[in-house]
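In what follows, a single structure is set out as structure tokens and then discussed.
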Amino acid sequence: MCEGHGHTHDHGERRVVSIEEKVLSKNDAIADETRHELAHRGAFMVNILSAPGSGKTTLLEKAIPLLMRDLPVAVIEGDVQTRYDAERLRRCGVAAVQINTGGGCHLDADGVARVLAREPFLSAKIVVIENVGNLVCPAAFDVGEDEKLVVLSVTEGDDKPEKYPAAFAHASAAVISKIDLLPHVSFDVDRCKEGIWQVNPDLPVMLLSSTTGEGLDAFVSWLRGRYEHKALQPHHH
Ligand SMILES: Nc1nc2c(ncn2[C@@H]2O[C@H](COP(=O)(O)OP(=O)(O)OP(=O)(O)O)[C@@H](O)[C@H]2O)c(=O)[nH]1
Ligand SMILES: [Mg+2]
């Protein structure tokens, strides 16, 4: 009987694992369809990951209006609750849709695909996703983006890339934000960069402050450059 019990339990566990795998593979299939669709539209999508409060929305409030001078841009805001971030962006003249996960710690490919099917996303050339604030779950969920960008503010500590490596491992660039606060915190920029490069060698690292505007132009150029890089790629559809 004990043996029989053990067996049942074992089967049960195996079934749970396979359901999790199915959820992930369904998510990944939708994410791949999204990338295909975006390539067809000639649009670029970036997925921004960071801890809560690192300055993502503030950065987008400053950067997107500059980008929108020559490119249509639309933003997806992911939060557990409230529509605050989408409202903040709309006040800056930026098209933004809020997705509330209601407890979920990350956006998924299906939720993003539903938003992308409507205007103003249909005609956007750059889609920016601000994911739910945390460095753990969003790193594991592909939402169909072309690239991930990870933001870390100087108030969080220079050891975070080593402690939360997944977000940095999958990113194609990192931002160290709130550098205006460097005189007030013990944050070693070189140590932080070394930690980032341990996880992801040669990852481009941008330093910026949304408060002073330092590094903002370089960030806008990076984003425009990634769009232009993709637009020049041959694609098959
Ligand atoms: N000193 C300084 N403060 C900043 C800077 N950028 C943002 N902040 C402040 O940091 C706080 C959080 O900024 P948000 O832009 O809301 O951060 P967020 O990453 O969007 O936060 P969540 O969406 O909740 O994860 C606010 O009080 C901002 O004013 C900066 O460059 N320097
Ligand atoms: Mg925000």
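Residue numbering restarts at 1 in every chain; chains get A, B, ... in the order shown in the structure tokens, and ligands count up from 1 in that same order.
Counting only C-alpha atoms, region 114-130 of chain A has the following residues at most 7 Å away, ignoring those fewer than 3 positions along the same chain: Gly42, Ala43, Phe44, Met45, Val46, Asn47, Ile48, Leu49, Leu71, Pro72, Val73, Ala74, Val75, Ile76, Glu77, Gly78, Asp110, Gly111 and Tyr227 of chain A.
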Requested write-out: C-alpha atoms of the selected residues, as a short mmCIF file (atom, residue, chain, number, x, y, z; two decimals), in the first residue's frame:
data_model
loop_
_atom_site.label_atom_id
_atom_site.label_comp_id
_atom_site.auth_asym_id
_atom_site.auth_seq_id
_atom_site.Cartn_x
_atom_site.Cartn_y
_atom_site.Cartn_z
CA GLY A 42 8.06 46.40 -39.45
CA ALA A 43 7.76 47.20 -35.75
CA PHE A 44 10.19 46.72 -32.87
CA MET A 45 9.13 45.76 -29.34
CA VAL A 46 11.20 46.13 -26.20
CA ASN A 47 10.29 44.62 -22.81
CA ILE A 48 11.56 46.63 -19.82
CA LEU A 49 12.32 44.73 -16.60
CA LEU A 71 8.28 57.53 -35.01
CA PRO A 72 4.87 56.29 -33.85
CA VAL A 73 5.36 54.75 -30.40
CA ALA A 74 2.87 53.02 -28.10
CA VAL A 75 3.35 51.73 -24.57
CA ILE A 76 1.96 48.74 -22.66
CA GLU A 77 2.03 49.23 -18.90
CA GLY A 78 1.96 46.11 -16.73
CA ASP A 110 -1.50 36.32 -24.61
CA GLY A 111 -2.29 39.54 -22.71
CA TYR A 227 14.34 49.77 -34.23
#
task: For region 142-155 of chain A, work out the shell of residues within 7 Å, counting only C-alpha atoms and skipping chain neighbours fewer than 4 positions away, then give it as a PyMOL selection string.
output: chain A and resi 28+31-32+34-35+44-50+54+108-109+112+167-168+170-179+182+185+187
Grab the residues selected above and save them as a PDB file, in the first residue's frame with C-alpha atoms.
ATOM      1  CA  ASP A  28       6.103  30.664 -26.075  1.00  0.00           C
ATOM      2  CA  ALA A  31       5.186  34.931 -28.217  1.00  0.00           C
ATOM      3  CA  ASP A  32       6.662  33.543 -31.445  1.00  0.00           C
ATOM      4  CA  THR A  34       3.747  37.980 -31.934  1.00  0.00           C
ATOM      5  CA  ARG A  35       7.360  38.343 -33.096  1.00  0.00           C
ATOM      6  CA  PHE A  44      10.193  46.725 -32.869  1.00  0.00           C
ATOM      7  CA  MET A  45       9.125  45.756 -29.341  1.00  0.00           C
ATOM      8  CA  VAL A  46      11.203  46.134 -26.195  1.00  0.00           C
ATOM      9  CA  ASN A  47      10.293  44.616 -22.813  1.00  0.00           C
ATOM     10  CA  ILE A  48      11.557  46.628 -19.819  1.00  0.00           C
ATOM     11  CA  LEU A  49      12.325  44.733 -16.603  1.00  0.00           C
ATOM     12  CA  SER A  50      13.270  46.140 -13.208  1.00  0.00           C
ATOM     13  CA  SER A  54      13.592  51.982 -10.385  1.00  0.00           C
ATOM     14  CA  ASP A 108       2.196  36.989 -20.469  1.00  0.00           C
ATOM     15  CA  ALA A 109       2.268  36.643 -24.233  1.00  0.00           C
ATOM     16  CA  VAL A 112       0.270  41.449 -24.779  1.00  0.00           C
ATOM     17  CA  ALA A 167      16.951  39.529 -15.931  1.00  0.00           C
ATOM     18  CA  PHE A 168      20.487  40.598 -16.860  1.00  0.00           C
ATOM     19  CA  HIS A 170      18.408  37.734 -21.081  1.00  0.00           C
ATOM     20  CA  ALA A 171      18.736  41.487 -21.653  1.00  0.00           C
ATOM     21  CA  SER A 172      20.296  43.183 -24.653  1.00  0.00           C
ATOM     22  CA  ALA A 173      21.128  46.332 -22.678  1.00  0.00           C
ATOM     23  CA  ALA A 174      21.067  47.626 -19.107  1.00  0.00           C
ATOM     24  CA  VAL A 175      20.288  51.052 -17.680  1.00  0.00           C
ATOM     25  CA  ILE A 176      21.711  52.270 -14.382  1.00  0.00           C
ATOM     26  CA  SER A 177      19.160  54.923 -13.408  1.00  0.00           C
ATOM     27  CA  LYS A 178      18.934  57.836 -10.923  1.00  0.00           C
ATOM     28  CA  ILE A 179      22.663  58.629 -11.234  1.00  0.00           C
ATOM     29  CA  LEU A 182      25.163  58.783  -6.643  1.00  0.00           C
ATOM     30  CA  VAL A 185      24.362  56.441  -1.783  1.00  0.00           C
ATOM     31  CA  PHE A 187      26.854  52.500  -5.068  1.00  0.00           C
TER      32      PHE A 187
END
Distance filter 7 Å around ligand 2, atoms: only C-alpha atoms and all ligand atoms, out as JSON, numbers by chain: {"A": [53, 55, 56, 57, 85, 130]}
Same residues, N, CA and C atoms, saved as a PDB file, in the first residue's frame:
ATOM      1  N   GLY A  53       9.858  50.707  -8.767  1.00  0.00           N
ATOM      2  CA  GLY A  53      10.333  52.038  -8.412  1.00  0.00           C
ATOM      3  C   GLY A  53      11.707  52.421  -8.924  1.00  0.00           C
ATOM      4  N   GLY A  55      12.374  53.661 -11.681  1.00  0.00           N
ATOM      5  CA  GLY A  55      12.290  54.858 -12.526  1.00  0.00           C
ATOM      6  C   GLY A  55      11.898  54.570 -13.968  1.00  0.00           C
ATOM      7  N   LYS A  56      11.263  53.422 -14.227  1.00  0.00           N
ATOM      8  CA  LYS A  56      10.873  53.064 -15.599  1.00  0.00           C
ATOM      9  C   LYS A  56       9.890  54.070 -16.186  1.00  0.00           C
ATOM     10  N   THR A  57       8.795  54.322 -15.462  1.00  0.00           N
ATOM     11  CA  THR A  57       7.763  55.201 -16.015  1.00  0.00           C
ATOM     12  C   THR A  57       8.299  56.616 -16.190  1.00  0.00           C
ATOM     13  N   ASP A  85       0.227  54.232 -14.136  1.00  0.00           N
ATOM     14  CA  ASP A  85       1.361  54.433 -15.043  1.00  0.00           C
ATOM     15  C   ASP A  85       0.894  54.789 -16.454  1.00  0.00           C
ATOM     16  N   GLU A 130       6.399  48.176 -20.325  1.00  0.00           N
ATOM     17  CA  GLU A 130       6.916  48.293 -18.964  1.00  0.00           C
ATOM     18  C   GLU A 130       6.325  47.136 -18.175  1.00  0.00           C
TER      19      GLU A 130
END
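If only C-alpha atoms are the atoms counted, then among A:Gly225, A:Pro204, A:Pro165, A:Gly93 the closest residue to Glu61 (chain A) is A:Gly93.
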task: Quick one: pick out all alpha helix (DSSP H) residues within region 47-81 of chain A from a backbone DSSP run and write them as number ranges by chain.
output: A: 56-67
Hey, can you spit out that residue selection with C-alpha atoms as a CSV table (one decimal), in the first residue's frame?
chain,number,residue,atom,x,y,z
A,56,LYS,CA,10.9,53.1,-15.6
A,57,THR,CA,7.8,55.2,-16.0
A,58,THR,CA,9.7,58.4,-15.3
A,59,LEU,CA,12.2,57.5,-18.0
A,60,LEU,CA,9.4,56.7,-20.5
A,61,GLU,CA,7.7,60.0,-19.7
A,62,LYS,CA,10.9,61.8,-20.7
A,63,ALA,CA,12.1,59.6,-23.5
A,64,ILE,CA,9.0,58.6,-25.5
A,65,PRO,CA,7.9,62.2,-26.4
A,66,LEU,CA,11.4,62.7,-28.0
A,67,LEU,CA,11.1,59.4,-30.0
query: Counting only C-alpha atoms, what is within 7 Å of Arg83 (chain A), bar same-chain residues fewer than 3 positions away, as a list of chain:residue names?
result: A:Ala86, A:Glu87, A:Gln98
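When DSSP is run on the backbone, the residues of region 106-200 of chain A that fall into strand (DSSP E or B) are Ile126, Val127, Val128, Ile129, Glu130, Glu147, Lys148, Leu149, Val150, Val151, Leu152, Ser153, Ala173, Ala174, Val175, Ile176 and Ser177 of chain A.
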- prompt: When distances are computed from only C-alpha atoms and all ligand atoms, which of A:Ile30, A:Val23, A:Leu207, A:Val94 shows the smallest separation from ligand 1?
  reply: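 When distances to ligand 1 are compared using only C-alpha atoms and all ligand atoms, the smallest one comes from A:Leu207.
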statement: Taken to one decimal, the atom 4 (C, counted along the ligand's line) of ligand 1-CA of Leu208 (chain A) distance is 10.2 Å
task: Find the distance between atom 7 (C, counted along the ligand's line) of ligand 1 and CA of Glu156 (chain A) and write it in Å to one decimal.
output: 12.6 Å
